[in-house]
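Engineer: There's a structure below that I have some questions on.
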Amino acid sequence: MDPGRDIVTEGGPIQEDVSKHAQNLQDDPIFSVGGDLAFNWGYGGNGARVVLTGGHLSGVDRNDDNTHGLGNHFACNPLTGKALDPQSAVLWPHEISVIQNRGSPTKVQGTDYGTGAKYISGPVYGNYAIFVSGEASSFPPPGHMLDIEIDVLPRLKFFSTEL
């Protein structure tokens, strides 16, 4: 997760599209908390790959199992993303949690989690797609076909003064 704890957006989302049939929004790890997008939130012996700043963000040395988002792991080195020991590698990963207060058990979406006894399976809330732009002030509406834009830089020629 190195370098970790990066807040990568400012001002919250410019657009959110949620189905009118969506359920469980009250504890959804993305839609219930708001704020800015943060990547690789390492804390104590834990980490989460994607979180929002409107939720609880544990202090760097606080081992409270209380930052929830996408791509979570308890009992790991948050700078490398590796489990503290072989047993922790199978016990404590969990892909998608829900927003909750610390404590046991830990509610997660679906069944993609380790063998630790503290996990409780819950429904999978839906699909998440996150797009980040340094320049956009709007985003195409649902159903719009997206294009990929690639900036090509000239190749550096070695042993030559030309670019």
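Going through the structure tokens in order, the chains are called A, B, and so on, while each chain numbers its residues from 1 and the ligands are numbered from 1 in the order shown.
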Contacts of stretch 83-96 of chain A at 6 Å or less, counting only C-alpha atoms, minus same-chain residues fewer than 5 places along, as a list in words?
Structural biologist: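 These residues fall inside the cut-off: Leu70, Gly71, Asn72, His73, Phe74, Ala75, Cys76, Val108, Gln109, Tyr113, Gly114, Thr115 and Gly116 of chain A.
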Engineer: Pick out the residues sitting within 10 Å of A:Gly47, and hand them over as number ranges by chain; count only C-alpha atoms, and ignore anything fewer than 3 positions along from it in its own chain.
Structural biologist: A: 1, 4-5, 39-44, 50-51, 58, 60, 63, 65-81, 93
Engineer: Would you please give, as number ranges by chain, all residues of chain A that DSSP assigns to alpha helix (DSSP H) based on the backbone?
Structural biologist: A: 86-91
Engineer: Could the residues in this selection be saved with C-alpha atoms as a PDB file, in the first residue's frame?
Structural biologist:
```pdb
ATOM      1  CA  PRO A  86       0.789 -16.876   6.986  1.00  0.00           C
ATOM      2  CA  GLN A  87      -2.251 -17.447   9.225  1.00  0.00           C
ATOM      3  CA  SER A  88      -3.345 -13.792   8.911  1.00  0.00           C
ATOM      4  CA  ALA A  89      -3.183 -14.082   5.123  1.00  0.00           C
ATOM      5  CA  VAL A  90      -6.121 -16.490   5.176  1.00  0.00           C
ATOM      6  CA  LEU A  91      -7.946 -15.159   8.242  1.00  0.00           C
TER       7      LEU A  91
END
```
Engineer: Please measure the separation of atom CA of A:Asp112 and atom CA of A:Asp64, giving the value in Å to one decimal.
Structural biologist: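 The value is 21.5 Å.
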Engineer: At a cut-off of 7 Å, using only C-alpha atoms, what residues contact A:Ser121? Leave out same-chain residues fewer than 2 positions from it and give the result as a PyMOL selection string.
Structural biologist: chain A and resi 107-111+119+123
Engineer: Need the shell around stretch 12-24 of chain A: protein/DNA/RNA residues with any atom at most 7 Å away, counting only C-alpha atoms. Skip same-chain ones fewer than 6 positions apart. Format as a PyMOL selection string?
Structural biologist: chain A and resi 34-36+125+137-139
Engineer: Write the residues of the selection above to a file with N, CA, C and O atoms, as a PDB file, in the first residue's frame.
Structural biologist:
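Final file, again-v2.pdb:
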```pdb
ATOM      1  N   GLY A  34     -19.801   9.810   1.719  1.00  0.00           N
ATOM      2  CA  GLY A  34     -19.419  11.032   1.019  1.00  0.00           C
ATOM      3  C   GLY A  34     -17.963  11.412   1.257  1.00  0.00           C
ATOM      4  O   GLY A  34     -17.181  10.657   1.810  1.00  0.00           O
ATOM      5  N   GLY A  35     -17.613  12.592   0.813  1.00  0.00           N
ATOM      6  CA  GLY A  35     -16.248  13.069   0.974  1.00  0.00           C
ATOM      7  C   GLY A  35     -15.412  12.811  -0.262  1.00  0.00           C
ATOM      8  O   GLY A  35     -15.917  12.560  -1.351  1.00  0.00           O
ATOM      9  N   ASP A  36     -14.116  12.903  -0.073  1.00  0.00           N
ATOM     10  CA  ASP A  36     -13.172  12.708  -1.164  1.00  0.00           C
ATOM     11  C   ASP A  36     -12.655  11.277  -1.185  1.00  0.00           C
ATOM     12  O   ASP A  36     -12.689  10.564  -0.180  1.00  0.00           O
ATOM     13  N   TYR A 125     -24.157  -5.327  -2.426  1.00  0.00           N
ATOM     14  CA  TYR A 125     -25.007  -4.167  -2.691  1.00  0.00           C
ATOM     15  C   TYR A 125     -25.100  -3.809  -4.168  1.00  0.00           C
ATOM     16  O   TYR A 125     -26.081  -3.264  -4.609  1.00  0.00           O
ATOM     17  N   SER A 137     -15.301  18.607 -15.233  1.00  0.00           N
ATOM     18  CA  SER A 137     -16.259  19.252 -14.330  1.00  0.00           C
ATOM     19  C   SER A 137     -17.637  18.602 -14.464  1.00  0.00           C
ATOM     20  O   SER A 137     -18.562  18.967 -13.765  1.00  0.00           O
ATOM     21  N   SER A 138     -17.759  17.646 -15.375  1.00  0.00           N
ATOM     22  CA  SER A 138     -18.984  16.881 -15.546  1.00  0.00           C
ATOM     23  C   SER A 138     -18.601  15.510 -16.090  1.00  0.00           C
ATOM     24  O   SER A 138     -17.460  15.280 -16.471  1.00  0.00           O
ATOM     25  N   PHE A 139     -19.576  14.624 -16.127  1.00  0.00           N
ATOM     26  CA  PHE A 139     -19.333  13.272 -16.603  1.00  0.00           C
ATOM     27  C   PHE A 139     -20.515  12.881 -17.470  1.00  0.00           C
ATOM     28  O   PHE A 139     -21.648  13.258 -17.170  1.00  0.00           O
TER      29      PHE A 139
END
```
Engineer: Considering only C-alpha atoms, state which residue in the set A:Leu37, A:Leu52, A:Met145, A:Gly45 is at the smallest distance from A:Ile99.
Structural biologist: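 For A:Ile99, the nearest of the given residues is A:Leu52.
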Engineer: With only C-alpha atoms as the basis for distance, which of A:Asp61, A:Asp6, A:Gln100, A:Gly55 is at the shortest distance from A:Asp27?
Structural biologist: A:Gln100
Engineer: Could you tell me which of A:Ala136, A:Ala48, A:Leu57, A:Val98 comes closest to A:Gln26 if we count only C-alpha atoms?
Structural biologist: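 Ranked by minimum distance to A:Gln26, first place goes to A:Val98.
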Engineer: Would you please extract all strand (DSSP E) residues from stretch 15-73 of chain A, as assigned by DSSP on the backbone, and give them as a list of chain:residue names?
Structural biologist: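 Matching residues for strand (DSSP E) in stretch 15-73 of chain A are A:Leu37, A:Ala38, A:Phe39, A:Asn40, A:Trp41, A:Gly42, A:Tyr43, A:Asn46, A:Gly47, A:Ala48, A:Arg49, A:Val50, A:Val51, A:Leu52, A:Leu70, A:Gly71, A:Asn72, A:His73.
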Engineer: Enter the distance from atom CA of A:Lys118 to atom CA of A:Ala38, in Å, rounded to one decimal.
Structural biologist: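 Distance between the two atoms: 25.8 Å.
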Engineer: One decimal, in Å: what's the spacing between atom CA of A:Gly59 and atom CA of A:Glu10?
Structural biologist: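 Atom CA of A:Gly59 sits 20.2 Å away from atom CA of A:Glu10.
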